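Structure data follow from query.txt (compact mmCIF, N, CA and C atoms):
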```txt
# COMPACT_ATOMS: atom_id res chain seq x y z
N MET A 1 176.70 -1.06 16.61
CA MET A 1 176.23 -1.29 17.95
C MET A 1 175.51 -2.62 18.10
N GLN A 2 175.64 -3.48 17.15
CA GLN A 2 174.96 -4.77 17.21
C GLN A 2 175.42 -5.62 18.39
N PRO A 3 176.70 -5.63 18.75
CA PRO A 3 177.09 -6.43 19.91
C PRO A 3 176.33 -6.02 21.19
N THR A 4 176.03 -4.74 21.33
CA THR A 4 175.26 -4.29 22.50
C THR A 4 173.87 -4.90 22.46
N PHE A 5 173.24 -4.89 21.29
CA PHE A 5 171.91 -5.47 21.15
C PHE A 5 171.94 -6.95 21.53
N ARG A 6 172.92 -7.65 21.03
CA ARG A 6 173.02 -9.08 21.34
C ARG A 6 173.23 -9.30 22.83
N SER A 7 174.07 -8.49 23.44
CA SER A 7 174.31 -8.68 24.87
C SER A 7 173.07 -8.30 25.67
N ASP A 8 172.32 -7.28 25.22
CA ASP A 8 171.08 -6.92 25.90
C ASP A 8 170.05 -8.05 25.77
N ALA A 9 169.97 -8.62 24.58
CA ALA A 9 169.03 -9.72 24.36
C ALA A 9 169.42 -10.93 25.21
N ALA A 10 170.69 -11.22 25.27
CA ALA A 10 171.16 -12.35 26.08
C ALA A 10 170.90 -12.10 27.56
N ALA A 11 171.13 -10.87 28.00
CA ALA A 11 170.87 -10.53 29.40
C ALA A 11 169.39 -10.66 29.72
N SER A 12 168.54 -10.25 28.80
CA SER A 12 167.10 -10.36 29.00
C SER A 12 166.67 -11.82 29.09
N LEU A 13 167.19 -12.64 28.22
CA LEU A 13 166.88 -14.07 28.26
C LEU A 13 167.37 -14.70 29.56
N HIS A 14 168.55 -14.32 29.98
CA HIS A 14 169.12 -14.84 31.22
C HIS A 14 168.25 -14.43 32.41
N LEU A 15 167.80 -13.18 32.40
CA LEU A 15 166.95 -12.68 33.48
C LEU A 15 165.63 -13.44 33.54
N HIS A 16 165.02 -13.67 32.39
CA HIS A 16 163.77 -14.42 32.35
C HIS A 16 163.97 -15.86 32.82
N ALA A 17 165.08 -16.46 32.46
CA ALA A 17 165.38 -17.82 32.91
C ALA A 17 165.56 -17.85 34.43
N LEU A 18 166.23 -16.86 34.96
CA LEU A 18 166.44 -16.78 36.41
C LEU A 18 165.11 -16.63 37.14
N ILE A 19 164.25 -15.77 36.63
CA ILE A 19 162.93 -15.57 37.25
C ILE A 19 162.14 -16.88 37.21
N SER A 20 162.17 -17.57 36.09
CA SER A 20 161.45 -18.84 35.99
C SER A 20 161.99 -19.86 36.99
N ASP A 21 163.30 -19.91 37.13
CA ASP A 21 163.91 -20.83 38.08
C ASP A 21 163.49 -20.49 39.51
N LEU A 22 163.49 -19.21 39.84
CA LEU A 22 163.09 -18.81 41.19
C LEU A 22 161.62 -19.14 41.46
N ARG A 23 160.77 -18.95 40.46
CA ARG A 23 159.35 -19.31 40.63
C ARG A 23 159.20 -20.81 40.91
N TRP A 24 159.98 -21.62 40.20
CA TRP A 24 159.94 -23.06 40.41
C TRP A 24 160.40 -23.39 41.83
N ARG A 25 161.45 -22.74 42.28
CA ARG A 25 161.96 -22.98 43.64
C ARG A 25 160.94 -22.55 44.69
N ILE A 26 160.21 -21.47 44.42
CA ILE A 26 159.16 -21.02 45.32
C ILE A 26 158.09 -22.10 45.45
N GLN A 27 157.70 -22.67 44.33
CA GLN A 27 156.70 -23.74 44.37
C GLN A 27 157.20 -24.94 45.17
N MET A 28 158.45 -25.27 45.02
CA MET A 28 159.02 -26.39 45.77
C MET A 28 159.05 -26.09 47.27
N LEU A 29 159.43 -24.89 47.64
CA LEU A 29 159.45 -24.52 49.05
C LEU A 29 158.05 -24.52 49.65
N GLU A 30 157.07 -24.01 48.88
CA GLU A 30 155.69 -24.04 49.37
C GLU A 30 155.23 -25.47 49.64
N ALA A 31 155.57 -26.37 48.75
CA ALA A 31 155.21 -27.78 48.94
C ALA A 31 155.93 -28.36 50.16
N ASP A 32 157.20 -28.03 50.34
CA ASP A 32 157.95 -28.53 51.49
C ASP A 32 157.36 -28.00 52.80
N ILE A 33 156.95 -26.75 52.80
CA ILE A 33 156.35 -26.15 54.00
C ILE A 33 155.03 -26.85 54.32
N ARG A 34 154.20 -27.06 53.31
CA ARG A 34 152.93 -27.77 53.53
C ARG A 34 153.18 -29.17 54.09
N ASP A 35 154.20 -29.84 53.56
CA ASP A 35 154.52 -31.18 54.03
C ASP A 35 154.96 -31.17 55.49
N GLU A 36 155.81 -30.23 55.86
CA GLU A 36 156.26 -30.13 57.25
C GLU A 36 155.10 -29.81 58.18
N GLU A 37 154.22 -28.91 57.73
CA GLU A 37 153.06 -28.56 58.55
C GLU A 37 152.13 -29.77 58.71
N ARG A 38 151.96 -30.52 57.64
CA ARG A 38 151.11 -31.71 57.71
C ARG A 38 151.70 -32.73 58.67
N LYS A 39 153.01 -32.96 58.57
CA LYS A 39 153.67 -33.91 59.47
C LYS A 39 153.51 -33.51 60.93
N ALA A 40 153.65 -32.20 61.20
CA ALA A 40 153.59 -31.71 62.57
C ALA A 40 152.15 -31.53 63.05
N GLY A 41 151.22 -31.49 62.10
CA GLY A 41 149.83 -31.25 62.48
C GLY A 41 149.62 -29.83 62.96
N ASN A 42 150.46 -28.92 62.48
CA ASN A 42 150.39 -27.52 62.92
C ASN A 42 150.76 -26.61 61.76
N ALA A 43 149.79 -25.77 61.35
CA ALA A 43 150.04 -24.85 60.24
C ALA A 43 150.05 -23.40 60.70
N ASP A 44 150.22 -23.19 62.00
CA ASP A 44 150.23 -21.83 62.55
C ASP A 44 151.66 -21.41 62.89
N PRO A 45 152.25 -20.54 62.05
CA PRO A 45 153.64 -20.11 62.30
C PRO A 45 153.82 -19.39 63.63
N GLY A 46 152.73 -18.89 64.20
CA GLY A 46 152.83 -18.20 65.48
C GLY A 46 152.79 -19.14 66.68
N SER A 47 152.54 -20.39 66.43
CA SER A 47 152.44 -21.38 67.50
C SER A 47 153.83 -21.77 68.01
N GLU A 48 153.90 -22.07 69.29
CA GLU A 48 155.17 -22.50 69.88
C GLU A 48 155.61 -23.87 69.37
N THR A 49 154.66 -24.66 68.90
CA THR A 49 154.98 -26.01 68.44
C THR A 49 155.13 -26.09 66.92
N TYR A 50 155.13 -24.94 66.26
CA TYR A 50 155.30 -24.92 64.81
C TYR A 50 156.70 -25.44 64.48
N PRO A 51 156.82 -26.29 63.46
CA PRO A 51 158.13 -26.88 63.16
C PRO A 51 159.21 -25.85 62.78
N MET A 52 160.37 -26.00 63.36
CA MET A 52 161.48 -25.09 63.09
C MET A 52 161.88 -25.12 61.62
N LEU A 53 161.86 -26.29 61.01
CA LEU A 53 162.21 -26.39 59.59
C LEU A 53 161.25 -25.56 58.75
N ALA A 54 159.96 -25.62 59.06
CA ALA A 54 158.97 -24.84 58.31
C ALA A 54 159.23 -23.35 58.49
N LEU A 55 159.61 -22.92 59.69
CA LEU A 55 159.94 -21.51 59.90
C LEU A 55 161.13 -21.09 59.05
N THR A 56 162.13 -21.93 59.02
CA THR A 56 163.32 -21.64 58.22
C THR A 56 162.97 -21.59 56.73
N LEU A 57 162.16 -22.53 56.29
CA LEU A 57 161.75 -22.56 54.88
C LEU A 57 160.90 -21.33 54.55
N ARG A 58 160.06 -20.89 55.48
CA ARG A 58 159.26 -19.68 55.26
C ARG A 58 160.15 -18.45 55.08
N ALA A 59 161.20 -18.36 55.86
CA ALA A 59 162.12 -17.23 55.73
C ALA A 59 162.80 -17.26 54.35
N ARG A 60 163.20 -18.43 53.94
CA ARG A 60 163.80 -18.59 52.61
C ARG A 60 162.79 -18.23 51.52
N LEU A 61 161.57 -18.68 51.71
CA LEU A 61 160.50 -18.39 50.75
C LEU A 61 160.27 -16.88 50.63
N ASP A 62 160.23 -16.21 51.75
CA ASP A 62 160.05 -14.75 51.73
C ASP A 62 161.19 -14.07 50.97
N ASN A 63 162.41 -14.53 51.18
CA ASN A 63 163.57 -13.96 50.47
C ASN A 63 163.47 -14.20 48.97
N LEU A 64 163.07 -15.40 48.58
CA LEU A 64 162.95 -15.71 47.16
C LEU A 64 161.83 -14.90 46.51
N ARG A 65 160.74 -14.71 47.22
CA ARG A 65 159.64 -13.88 46.68
C ARG A 65 160.09 -12.44 46.49
N ALA A 66 160.82 -11.91 47.45
CA ALA A 66 161.33 -10.54 47.33
C ALA A 66 162.31 -10.43 46.17
N SER A 67 163.18 -11.41 46.03
CA SER A 67 164.15 -11.39 44.93
C SER A 67 163.45 -11.48 43.58
N THR A 68 162.44 -12.35 43.51
CA THR A 68 161.69 -12.51 42.26
C THR A 68 160.98 -11.21 41.90
N ALA A 69 160.35 -10.58 42.86
CA ALA A 69 159.65 -9.31 42.60
C ALA A 69 160.62 -8.25 42.09
N MET A 70 161.80 -8.17 42.70
CA MET A 70 162.80 -7.19 42.28
C MET A 70 163.27 -7.48 40.86
N LEU A 71 163.50 -8.73 40.54
CA LEU A 71 163.94 -9.10 39.20
C LEU A 71 162.84 -8.87 38.16
N GLU A 72 161.59 -9.11 38.54
CA GLU A 72 160.48 -8.85 37.62
C GLU A 72 160.37 -7.36 37.32
N GLN A 73 160.55 -6.53 38.34
CA GLN A 73 160.54 -5.08 38.12
C GLN A 73 161.67 -4.67 37.19
N ARG A 74 162.83 -5.23 37.40
CA ARG A 74 163.97 -4.92 36.54
C ARG A 74 163.69 -5.34 35.10
N SER A 75 163.08 -6.50 34.94
CA SER A 75 162.74 -6.99 33.62
C SER A 75 161.72 -6.08 32.93
N GLU A 76 160.69 -5.67 33.68
CA GLU A 76 159.68 -4.77 33.12
C GLU A 76 160.30 -3.43 32.74
N HIS A 77 161.19 -2.93 33.59
CA HIS A 77 161.85 -1.66 33.32
C HIS A 77 162.71 -1.77 32.05
N SER A 78 163.41 -2.86 31.92
CA SER A 78 164.25 -3.07 30.73
C SER A 78 163.40 -3.19 29.48
N SER A 79 162.27 -3.88 29.58
CA SER A 79 161.39 -4.04 28.43
C SER A 79 160.79 -2.70 28.02
N ALA A 80 160.39 -1.90 29.00
CA ALA A 80 159.81 -0.59 28.71
C ALA A 80 160.86 0.35 28.11
N ARG A 81 162.06 0.23 28.58
CA ARG A 81 163.15 1.08 28.07
C ARG A 81 163.51 0.70 26.65
N ALA A 82 163.44 -0.58 26.33
CA ALA A 82 163.80 -1.06 24.99
C ALA A 82 162.73 -0.73 23.97
N ALA A 83 161.51 -0.54 24.42
CA ALA A 83 160.38 -0.28 23.49
C ALA A 83 160.36 1.13 22.97
```
Any chance you could give the structure as structure tokens?
Amino acid sequence: MQPTFRSDAAASLHLHALISDLRWRIQMLEADIRDEERKAGNADPGSETYPMLALTLRARLDNLRASTAMLEQRSEHSSARAA
């Protein structure tokens, strides 16, 4: 059953790499949102004059955070199951 172990280990490494990449992308989106808000002089998403790009980036950010949380749960579940 060694091939299964190797594929499980590879899948775990791949999952951790994906989570790390998503975290990096989240940081980039947060910086982009701050930049757009600074340029517009408006950091209130509820405002009528809030930049459309920042709203779009916030939606993307929310999706990436949800995806990251789901993948982290999967990773924790896999680690607990392997132990």
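Of note, atom C of A:Ser20 and atom N of A:Thr68 are spaced 10.0 Å apart.
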Could you give me, as a list in words, the residues within 8 Å of A:Glu37, counting all atoms listed in the file and dropping anything in the same chain fewer than 6 positions from it? Ala31, Ala43, Asp44, Tyr50, Pro51, Leu53 and Ala54 of chain A
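Here atom N of A:Ala59 is placed at a distance of 10.1 Å from atom CA of A:Pro45.
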Could you pull the residues within 7 Å of A:Glu72, counting only N, CA and C atoms, minus those fewer than 5 positions along the same chain, as JSON, numbers by chain? {"A": [19, 67, 77]}
Export N, CA and C atoms of the chosen residues as an mmCIF file, in the frame of the given file?
```cif
data_model
loop_
_atom_site.group_PDB
_atom_site.id
_atom_site.type_symbol
_atom_site.label_atom_id
_atom_site.label_comp_id
_atom_site.auth_asym_id
_atom_site.auth_seq_id
_atom_site.Cartn_x
_atom_site.Cartn_y
_atom_site.Cartn_z
ATOM 1 N N ILE A 19 164.250 -15.770 36.630
ATOM 2 C CA ILE A 19 162.930 -15.570 37.250
ATOM 3 C C ILE A 19 162.140 -16.880 37.210
ATOM 4 N N SER A 67 163.180 -11.410 46.030
ATOM 5 C CA SER A 67 164.150 -11.390 44.930
ATOM 6 C C SER A 67 163.450 -11.480 43.580
ATOM 7 N N HIS A 77 161.190 -2.930 33.590
ATOM 8 C CA HIS A 77 161.850 -1.660 33.320
ATOM 9 C C HIS A 77 162.710 -1.770 32.050
#
```
May I ask for the distance between atom C of A:Asp62 and atom CA of A:Arg34, given in Å to one decimal place?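 Computing it gives 16.2 Å between the two atoms.
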Using only C-alpha atoms, the residue out of A:Leu29, A:Leu15, A:Met70, A:Ala10 with shortest distance to A:Arg58 is A:Leu29
A:Ile33 proximity check over A:Leu13, A:Glu48, A:Leu55, A:Ala66, using only N, CA and C atoms: winner is A:Leu55
Identify all residues of stretch 12-80 of chain A in helix (DSSP H, G or I) (DSSP on the backbone) and supply them as number ranges by chain. A: 12-40, 52-80
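If you measure from each of A:Ala40, A:Met28, A:Leu71, A:Leu57 to A:Ser12 using only C-alpha atoms, the closest one turns out to be A:Leu71.
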Using only C-alpha atoms, which of A:Ser47, A:His14, A:Leu61, A:Ala9 sits nearest A:Gln27?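 Among A:Ser47, A:His14, A:Leu61, A:Ala9, it is A:Leu61 that comes nearest to A:Gln27.
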Residue among A:Gly41, A:Asp21, A:Ser79, A:Gly46 lying closest to A:Leu64, counting only C-alpha atoms: A:Asp21
Point out the residue among A:Leu22, A:Asp32, A:Arg60, A:His16 with the least atom-to-atom distance to A:Ser75, counting all atoms listed in the file. A:His16
